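One structure is given below, encoded as structure tokens.
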Amino acid sequence: MRYLPLTPNDRRAMLAKIGAPDIDSLFKDVPKEAAVSLSSFDLSDTKGELEVERILSKLAARNVAAGAAPFFCGAGAYKHHVPSAVDHLIQRSEFLTSYTPYQPEISQGTLQVLFEFQTQVALLTGMEVANASLYDGSTATAEAVLMAQRLTRRSKAILSGGLHPHYAETVETVAGLAGQVTRSPVTPGRVEDIVGLIDAETACVVLQSPDVFGLIRDIKPIAEAAHARGALLIAVVTEVVSLGLLESPGAQGADVVACEGQSIGNGLNFGGPYVGLFAAKEKFLRQMPGRLCGETVDATGRRGFVLTLSTREQHIRREKATSNICTNSGLCALAFSIHLSLLGEVGLTRLARINHAKAVSLADRLARVKGVELVTPYFFNEFTLKLSKPAGDVVDALAAQHVLGGVPASRLMPHVSGARDLLIVAATETNTDEDFAKFEQVLSEVLA
Amino acid sequence: MSMNNQGRPSQAAMVQDNELPTISGDRGLDLEARLIFELGREGVTGVDLPDINVDDSRLHGLRRKGAIGLLGLSEPEVIRHYVRLSRQNYAIDAGLYPLGSCTMKHNPRLNEKMARLPGFGDLHPLAPSSVTQGALALIGDLMRWLTTLTGMPAVAMSPKAGAHGELCGLLAIRAAVQARGEHRDRILVPESAHGTNPATAAFAGFVVDEVPAKPDGRVDAAALKAKLGPDVAAIMLTNPNTCGLFEGEIIGIAKAVHEAGAYFYCDGANFNAIAGRVRPGDLGIDAMHINLHKTFSTPHGGGGPGAGPVVLSERLKAYAPLPLLVADGEGLRLVEDRARVPDGAKPFGRMCAFHGQMGMFVRALSYMVSHGRDGIRQASEDAVLSANYILASLKDVMSAPFGDGPCMHEALFDDTFLEGSGITTLDFAKAMIDEGYHPMTMYFPLVVHGAMLIEPTESESKESLDRFITVLRGLAEDAKAGRRERFEGAPRYAPRRRLDETAAARKPILRWKPSALPEAAE
Amino acid sequence: MSEMRFTDQHEWVRLDGDEATIGITRHAAEQLGDVVFVELPQAGRKVRAGAEAAVVESVKAASEVYAPVGGEVTEANTVLEAQPAKVNEDPEGAGWFFKLKISDKGQFAKLMDEAAYKEFVKGL
């Protein structure tokens, strides 16, 4: 067994040192009725690398990867080009196989990366302080709501109808425990009346921009309305590349920003692992969930980095912790940070402009197809179309023609009646004119 | 005030560095890395993207006005920066990593290759199921391995880490209690539990009630049973427990818990001790999270990502969160809509967007299929053997509070052997760094003073274990004999000496700040 | 200002008429290590004797500070917010945590005096 270094001789010698007759004697505390034999497990035995590769490759081959067809799916996960250097660097042993940096003297690599990551997230979101990552955008949003409930000592959370339904359901599952979660109406392509729902019981308003339909939302007036009633504004961003072209949530008055960072540095991976970005105003620092990396000096006066303010966390505060999170998303945060370092200011702003231009070009092209109407007047790289047939059926028909033509809104919100005909379409720098032509052609055929 | 007895010193004393300083600040192959913000420059980028103009007409007046403040570097500079940073990290690939309760085993590179197959890595979570059947089948296969190894009927796959899995289990329990129309808000947790247990219980809206341990390191079953009542929703136990010992009375405890109408949550962090030899389902548990990044080798990555699927008993499986993986005539699909779940399913909600850490699922399944049931069992046996070998080889010079009986996959020591030496567990750990080892878990579990929890895993050769033992024996003997040189001011040879954590907490500096923002990029 | 009295939870209290000044003992401050943060109660808050009134954090631990006597909080030592190190420098003087208006002076009389507290600490 290639992963197990001990030989039968080693095992004999070790048992002798221990003074145990056999390995079973070391398991003597296991009740007799709970000891099982190997044959009780209906599972295969050891296999060599070649065979494992065959088995898993067969499973992989049954899927259609985003790069294998004209591809336009978004709705919370986006296909971007990740430079080769990123994947190469994150596979260095010292990044891949190291642990949480609890011994800072021998973890300065990880710690400095986290410090740089926290800085990048704060700059992108326009906020004062960011943490060292959470699991993903949806759990980051839930943590933001819980934090707002703690800070305001109020229990009501208002979620915009444009918030990704998976995010809203996650918030309801977790934050619904401590209070009441209200959703404002779903109004695809239009701004809903959310201000009217804010009252003296409101802890926070959660607003996603661009929203799940791709619509760019004006955060400022809603932040002002929330602040006027003593509530916090939580801004959610699921496509973080948009921050390369659009005004930051911080500049628009957000108190907390929860993002999905997957678009930068991390592939689609069928839903995970992703990386949650969490940033807030400095005055909320002590109520922030997750790990924080801080700058300090060592005993010779050299600059170094350590995990800090740990007394908020589970391993110290236990039941009084701000969150229960332990393992976060270290390697994905590293990938994000490396990709963003490669992009820099110039690269990210160019990337964002290219994405927007591609989406505008595609939206205008598809809007000319018979049976298609563009629903979102302003957007970043994702928009929504109203079709003359149910979008779910259209997507299946497109897939049969080897086109992955977007996400039907009905998949995310099956009980919103207006959603049945809506198709959410994303375009990024990875799309070509050939992709657009193919999409236009097959879509016309399907809708004819 | 409630006194914390760990007596853990935090202030780093200033020391003199007597080496001849170099001009560069680097030393041989010890290469410093400045911050990317200190290296970056305006107008530079490491990717070649066309510079196109876009107008504002579709941006709702919200085009960014100022610069973000990121600066930039070329590709060679970026690679050099991160390579230099990586060299300041210890890693399991480089040496033994004896962190108790973390299971730092070897991370097979085959797993990395499999996770990067485009059919897995480049697959969108919301693509139509007609094009994702292979991925869904993989998840189904992993579910089968997990339920078979644990002897449980069902598993919830979406939790993103162990603590997230704990929350999932407790929320399922909460839903089950509510479905019975009962009101139970107390959870019993041993005082030796990992911090995520009480944190999660409080997070899920329960009140935590601690159960003491017996002198032999196991939970006091009698005290536990006495605390059961109609207001107790569940107990949370770790088995083997955080002292590295198997809870022999677990079946009786499970029976009592169920008779009292409560549920049994098991923290599966230590599953590496018993996988392939014991099925937690046979012990009477109702829910257990499995840390794929511990037992099933997915890499720790400097702090994640992990994955924490939760196996569920017959009593709880109905409450598994969305989405559910179902098989019907047409193949596999995900049910994401509460109104369309199979008969009997009553999901308590959703833990996160999409359906789980697929990247970690591929790696874990690759590990399981590679090892097979015989390899998994052998791995558990070797893990237990190695921990006992270390215990037997050190207990005469170090103090093992439960050193009489066998341990499971980890061996617990405390600081009794250091008494009178003036050397603390922390000093001992920092001296290990100078010897080229990452220290073991320290000051956990809290039930012994100055705890040192050593988990070698099955990935160490005997030669590696023997070398480790020799070093620890030497350090222990030095400490007890009053030879303090190795400990005072340790570590000396790491990229940094001891860091001032007090200053970091009193005046937190959590980001680099630009002195002034540059003009917007266009 | 009266003499100092002590609790078995390592808080001290001095009484000046109705006003009680409360902090943590030198022994507690030494055990805790470098204090990095304190969370103080707001004026107006009513606390019972033995209830949690404040939190003191070092790098590696967070400890509750209990009210040795019951009453209404009148003032918190906000200097500690910017200078938590004062708790280590002068725990039984300038490092006081908060003052309250005592509701039952009998509670004060029941606490350990300095000699009794010294004995108590020796026996730990």
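Labeling convention for the structure tokens: chains A, B, ... as they appear, residues from 1 per chain, ligands from 1 in order of appearance.
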Original post:
Any idea what's packed within 12 Å of A:Thr182, counting only C-alpha atoms, ignoring anything in its chain fewer than 5 positions away? Could you give it as a list in words?
Top reply: Ser155, Lys156, Ala157, Ile158, Leu159, Ser160, Gly161, Leu163, Ala168, Glu169, Val171, Glu172, Ala175, Gly176, Ile194, Leu197, Ile198, Asp199, Glu201, Thr202, Ala203, Cys204, Val205 and Val206 of chain A
For the selection just defined, write its residues with N, CA, C and O atoms to a file, as a JSON list (two decimals), in the first residue's frame.
```json
[["chain", "number", "residue", "atom", "x", "y", "z"],
["A", 155, "SER", "N", -33.67, 42.05, 15.97],
["A", 155, "SER", "CA", -33.70, 40.69, 15.41],
["A", 155, "SER", "C", -34.17, 40.59, 13.97],
["A", 155, "SER", "O", -34.08, 39.55, 13.36],
["A", 156, "LYS", "N", -34.67, 41.69, 13.39],
["A", 156, "LYS", "CA", -35.29, 41.55, 12.06],
["A", 156, "LYS", "C", -34.29, 41.81, 10.95],
["A", 156, "LYS", "O", -33.57, 42.81, 10.95],
["A", 157, "ALA", "N", -34.24, 40.90, 9.97],
["A", 157, "ALA", "CA", -33.38, 41.08, 8.80],
["A", 157, "ALA", "C", -34.26, 41.17, 7.57],
["A", 157, "ALA", "O", -35.15, 40.34, 7.38],
["A", 158, "ILE", "N", -34.01, 42.17, 6.71],
["A", 158, "ILE", "CA", -34.79, 42.30, 5.48],
["A", 158, "ILE", "C", -33.88, 41.94, 4.31],
["A", 158, "ILE", "O", -32.81, 42.52, 4.14],
["A", 159, "LEU", "N", -34.31, 40.96, 3.53],
["A", 159, "LEU", "CA", -33.51, 40.50, 2.40],
["A", 159, "LEU", "C", -34.14, 40.99, 1.10],
["A", 159, "LEU", "O", -35.33, 40.79, 0.87],
["A", 160, "SER", "N", -33.34, 41.61, 0.26],
["A", 160, "SER", "CA", -33.86, 42.09, -1.03],
["A", 160, "SER", "C", -34.34, 40.91, -1.88],
["A", 160, "SER", "O", -33.75, 39.83, -1.85],
["A", 161, "GLY", "N", -35.37, 41.14, -2.68],
["A", 161, "GLY", "CA", -35.84, 40.12, -3.60],
["A", 161, "GLY", "C", -34.81, 39.78, -4.67],
["A", 161, "GLY", "O", -34.90, 38.74, -5.31],
["A", 163, "LEU", "N", -31.72, 39.17, -3.96],
["A", 163, "LEU", "CA", -30.66, 38.35, -3.37],
["A", 163, "LEU", "C", -30.75, 36.93, -3.92],
["A", 163, "LEU", "O", -31.85, 36.39, -4.07],
["A", 168, "ALA", "N", -30.46, 33.58, 0.31],
["A", 168, "ALA", "CA", -31.60, 33.91, 1.17],
["A", 168, "ALA", "C", -31.99, 32.70, 2.01],
["A", 168, "ALA", "O", -32.27, 32.82, 3.21],
["A", 169, "GLU", "N", -32.00, 31.52, 1.40],
["A", 169, "GLU", "CA", -32.37, 30.31, 2.15],
["A", 169, "GLU", "C", -31.33, 30.01, 3.24],
["A", 169, "GLU", "O", -31.69, 29.56, 4.33],
["A", 171, "VAL", "N", -29.48, 32.23, 4.80],
["A", 171, "VAL", "CA", -29.70, 33.21, 5.87],
["A", 171, "VAL", "C", -30.91, 32.81, 6.71],
["A", 171, "VAL", "O", -30.87, 32.83, 7.94],
["A", 172, "GLU", "N", -31.98, 32.39, 6.05],
["A", 172, "GLU", "CA", -33.18, 31.99, 6.80],
["A", 172, "GLU", "C", -32.88, 30.81, 7.70],
["A", 172, "GLU", "O", -33.34, 30.75, 8.83],
["A", 175, "ALA", "N", -29.94, 32.48, 10.35],
["A", 175, "ALA", "CA", -30.27, 33.69, 11.11],
["A", 175, "ALA", "C", -31.71, 33.67, 11.57],
["A", 175, "ALA", "O", -32.09, 34.44, 12.44],
["A", 176, "GLY", "N", -32.48, 32.81, 10.99],
["A", 176, "GLY", "CA", -33.87, 32.71, 11.41],
["A", 176, "GLY", "C", -33.99, 32.22, 12.84],
["A", 176, "GLY", "O", -35.01, 32.40, 13.49],
["A", 194, "ILE", "N", -38.02, 48.31, -1.05],
["A", 194, "ILE", "CA", -37.48, 47.69, 0.15],
["A", 194, "ILE", "C", -37.43, 48.68, 1.29],
["A", 194, "ILE", "O", -37.54, 48.32, 2.46],
["A", 197, "LEU", "N", -40.05, 48.70, 3.98],
["A", 197, "LEU", "CA", -40.11, 47.60, 4.95],
["A", 197, "LEU", "C", -39.24, 47.87, 6.18],
["A", 197, "LEU", "O", -39.34, 47.14, 7.17],
["A", 198, "ILE", "N", -38.39, 48.89, 6.11],
["A", 198, "ILE", "CA", -37.45, 49.14, 7.21],
["A", 198, "ILE", "C", -38.18, 49.80, 8.36],
["A", 198, "ILE", "O", -38.89, 50.79, 8.17],
["A", 199, "ASP", "N", -38.02, 49.25, 9.56],
["A", 199, "ASP", "CA", -38.66, 49.87, 10.73],
["A", 199, "ASP", "C", -37.71, 49.87, 11.91],
["A", 199, "ASP", "O", -36.52, 49.54, 11.76],
["A", 201, "GLU", "N", -37.43, 47.89, 14.27],
["A", 201, "GLU", "CA", -36.99, 46.54, 14.68],
["A", 201, "GLU", "C", -35.93, 45.97, 13.75],
["A", 201, "GLU", "O", -35.44, 44.87, 13.98],
["A", 202, "THR", "N", -35.62, 46.72, 12.70],
["A", 202, "THR", "CA", -34.76, 46.16, 11.66],
["A", 202, "THR", "C", -33.29, 46.22, 12.08],
["A", 202, "THR", "O", -32.77, 47.29, 12.40],
["A", 203, "ALA", "N", -32.64, 45.05, 12.06],
["A", 203, "ALA", "CA", -31.21, 45.00, 12.35],
["A", 203, "ALA", "C", -30.41, 45.33, 11.10],
["A", 203, "ALA", "O", -29.39, 46.00, 11.16],
["A", 204, "CYS", "N", -30.87, 44.82, 9.96],
["A", 204, "CYS", "CA", -30.10, 45.00, 8.74],
["A", 204, "CYS", "C", -30.96, 44.83, 7.51],
["A", 204, "CYS", "O", -32.00, 44.18, 7.54],
["A", 205, "VAL", "N", -30.47, 45.45, 6.43],
["A", 205, "VAL", "CA", -31.05, 45.25, 5.09],
["A", 205, "VAL", "C", -29.96, 44.61, 4.25],
["A", 205, "VAL", "O", -28.81, 45.09, 4.25],
["A", 206, "VAL", "N", -30.30, 43.52, 3.57],
["A", 206, "VAL", "CA", -29.31, 42.79, 2.77],
["A", 206, "VAL", "C", -29.62, 43.03, 1.30],
["A", 206, "VAL", "O", -30.70, 42.66, 0.81]]
```
Select residues of chain C: the criterion is any atom within 9 Å of an atom of chain A, counting only C-alpha atoms; output as a PDB file with C-alpha atoms, in the first residue's frame.
```
ATOM      1  CA  VAL C  36      -5.333  43.320  25.503  1.00  0.00           C
ATOM      2  CA  GLU C  57      -9.154  39.507  27.565  1.00  0.00           C
ATOM      3  CA  SER C  58      -5.546  38.517  27.277  1.00  0.00           C
ATOM      4  CA  VAL C  59      -4.076  37.165  24.060  1.00  0.00           C
ATOM      5  CA  LYS C  60      -5.098  33.601  24.776  1.00  0.00           C
ATOM      6  CA  ALA C  61      -7.983  33.820  27.168  1.00  0.00           C
ATOM      7  CA  ALA C  62     -11.166  35.727  27.859  1.00  0.00           C
ATOM      8  CA  SER C  63     -12.409  35.817  31.444  1.00  0.00           C
TER       9      SER C  63
END
```
Subject >> Near-stretch 11-14 of chain C list (9 Å; only C-alpha atoms; drop same-chain fewer than 4 positions) as a PyMOL selection string >> reply: (chain B and resi 1) or (chain C and resi 1-7+19-25+28+65-69+92+108)
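What separates atom CA of A:Gly214 from atom CA of A:Ser84 is a distance of 28.9 Å.
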Original post:
So, counting only C-alpha atoms, which residue among A:Ala130, A:Ala397, A:Ala66, A:Leu6 is closest to B:Thr457?
Top reply: A:Leu6
